[in-house]
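> Sharing a structure, written as structure tokens. Questions coming.
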Amino acid sequence: MRVDLEKYREAGRIGATARRQAIEAIKPGVRYVDVLDGIEARIRQEGGEIAFPAQVSVNGIAAHDCCDLEDPRTFAVGDVAKVDLGVHVDGCIADSAETVDLGDNTPLLEASRQALEAAIALVRPGTKIRDIGAAIQSTMKGLGFRPIANLTGHGIAPYTIHCSPSIPNVPDGTSGVLKEGMMICIEPFATTGGGSVTEQGRAEVFGARRKLKAPRHCDSGVVDQIAARRGLPFCRRELAREHGAELTEKTLRELLRANAVFDYPPLVERGPATVAQFEHTMHVGADGAEVMTR
């Protein structure tokens, strides 16, 4: 399949613009949900579409934390806040993340940032994927931190956020190599903890297959809105805005019970820990990486 680089570049430009807006907005006392709404509004304002609900994961929560309409949480002094967002232009997706330090955690952030740059420097056709994981781990360890081993980068494809290849953050048994033309995302998570996450807490983000088969008694308006995402993830907040919280909850319960949709609970470090993350989407070109989301 031919990669439409211009559309990926445009999605990357929009993603970087929205991400910078979010980074500037995150300050003590600001509500999480206001930052997420701002990201999604900016994506649309710039002419893109949301590839997955914008997420903000704070301190020991590594990923997949999102907000409902009434979420009261605000950022606090000392927080380490990870912003993760995705943009698509006609299905061409740019996925990126950045961390804001509201305390004194610069070394932790640098471990993730420098690991990402070390990984990007290796991206070219023929690179062994496990060597990318080794570079991430080595960079982090050299700075006194460790990667989260059970979170990985990934390939990306039209209307598909995660596909092969998986890009590990440690030198695992992966035997694959990068090939020219691949679109990939590299996302090193640096932690002060043990380096492993588990699902914990209420899910706000959900997924559905492209051909959504919903029970007949489910509300057609909610189902149609989910189906319009063409298999891309969605969140409770966007459904509740359109259909109300009560109908949204009822329909989500029915869809989950029928296995028509699945959930993405927050991913949390198993021990007391703080996590930082940086991520870019890139094209594997003949001469190296073209990073779309800087």
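How things are named: the first chain in the structure tokens is A, the next is B, and so on; residues count from 1 in each chain; ligands count from 1 in the order shown.
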Fewer than 5 positions away in the same chain doesn't count, so skip those; otherwise give me all residues within 9 Å of Val197 of chain A, counting only C-alpha atoms, as an NGL selection string.
:A and (61-62 or 148-151 or 267-271)
> Between A:Val284, A:Val89, A:Ile161, A:Ile129, which is the closest to Val177 of chain A once you count only C-alpha atoms?
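For Val177 of chain A, the nearest of the candidates is A:Ile129.
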> Considering only C-alpha atoms, give me a table of residues in segment 24-102 of chain A that are at most 6 Å from segment 9-13 of chain A, with the closest atom pair and distance in Å for each, as a tab-separated table.

```
residue	atom	partner	partner_atom	distance
A:Val87	CA	A:Ala11	CA	5.5
A:His88	CA	A:Ala11	CA	5.5
A:Val89	CA	A:Ala11	CA	5.7
A:Ala94	CA	A:Gly12	CA	5.1
```
> Could you pull the residues within 9 Å of Lys27 of chain A, counting only C-alpha atoms, minus those fewer than 5 positions along the same chain, as a PyMOL selection string?
chain A and resi 74-77+102
> Could you go through segment 16-234 of chain A and tell me which residues DSSP, when run on the backbone, assigns to strand (DSSP E or B), listing them as a PyMOL selection string?
chain A and resi 31+49-58+61-63+74+80-89+92-101+128+146-147+153-157+160-167+177+183-186+189-191+197-199+205-208+234
> Compile the contact shell of Asp101 of chain A as a list in words: residues with an atom at most 12 Å away, counting only C-alpha atoms, same-chain residues fewer than 3 positions apart removed.
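Those residues are Ile23, Glu24, Ile26, Lys27, Pro28, Val58, Asn59, Phe75, Ala76, Val77, Gly78, Asp79, Val80, Ala81, Lys82, Val83, Glu98, Asp104, Asn105, Thr106, Pro107, Leu108, Leu109, Glu110, Thr274, Val275, Ala276 and Gln277 of chain A.
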> From the options A:His243, A:Lys179, A:Arg124, A:His162, which residue's atoms come nearest to Asp224 of chain A, counting only C-alpha atoms?
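Among the listed residues, A:His243 lies closest to Asp224 of chain A.
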> Could you check which of A:Phe52, A:Tyr8, A:Tyr264, A:Phe145 is closest to Ile226 of chain A, using only C-alpha atoms?
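Smallest separation from Ile226 of chain A among the options: A:Phe52.
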> From the options A:Pro272, A:Gly15, A:Gly86, A:Pro266, which residue's atoms come nearest to Gln200 of chain A, counting only C-alpha atoms?
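Once distances to Gln200 of chain A are computed over only C-alpha atoms, the minimum belongs to A:Pro266.
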> Enter the distance from atom CA of Val261 of chain A to atom CA of Asp84 of chain A, in Å, rounded to one decimal.
21.7 Å
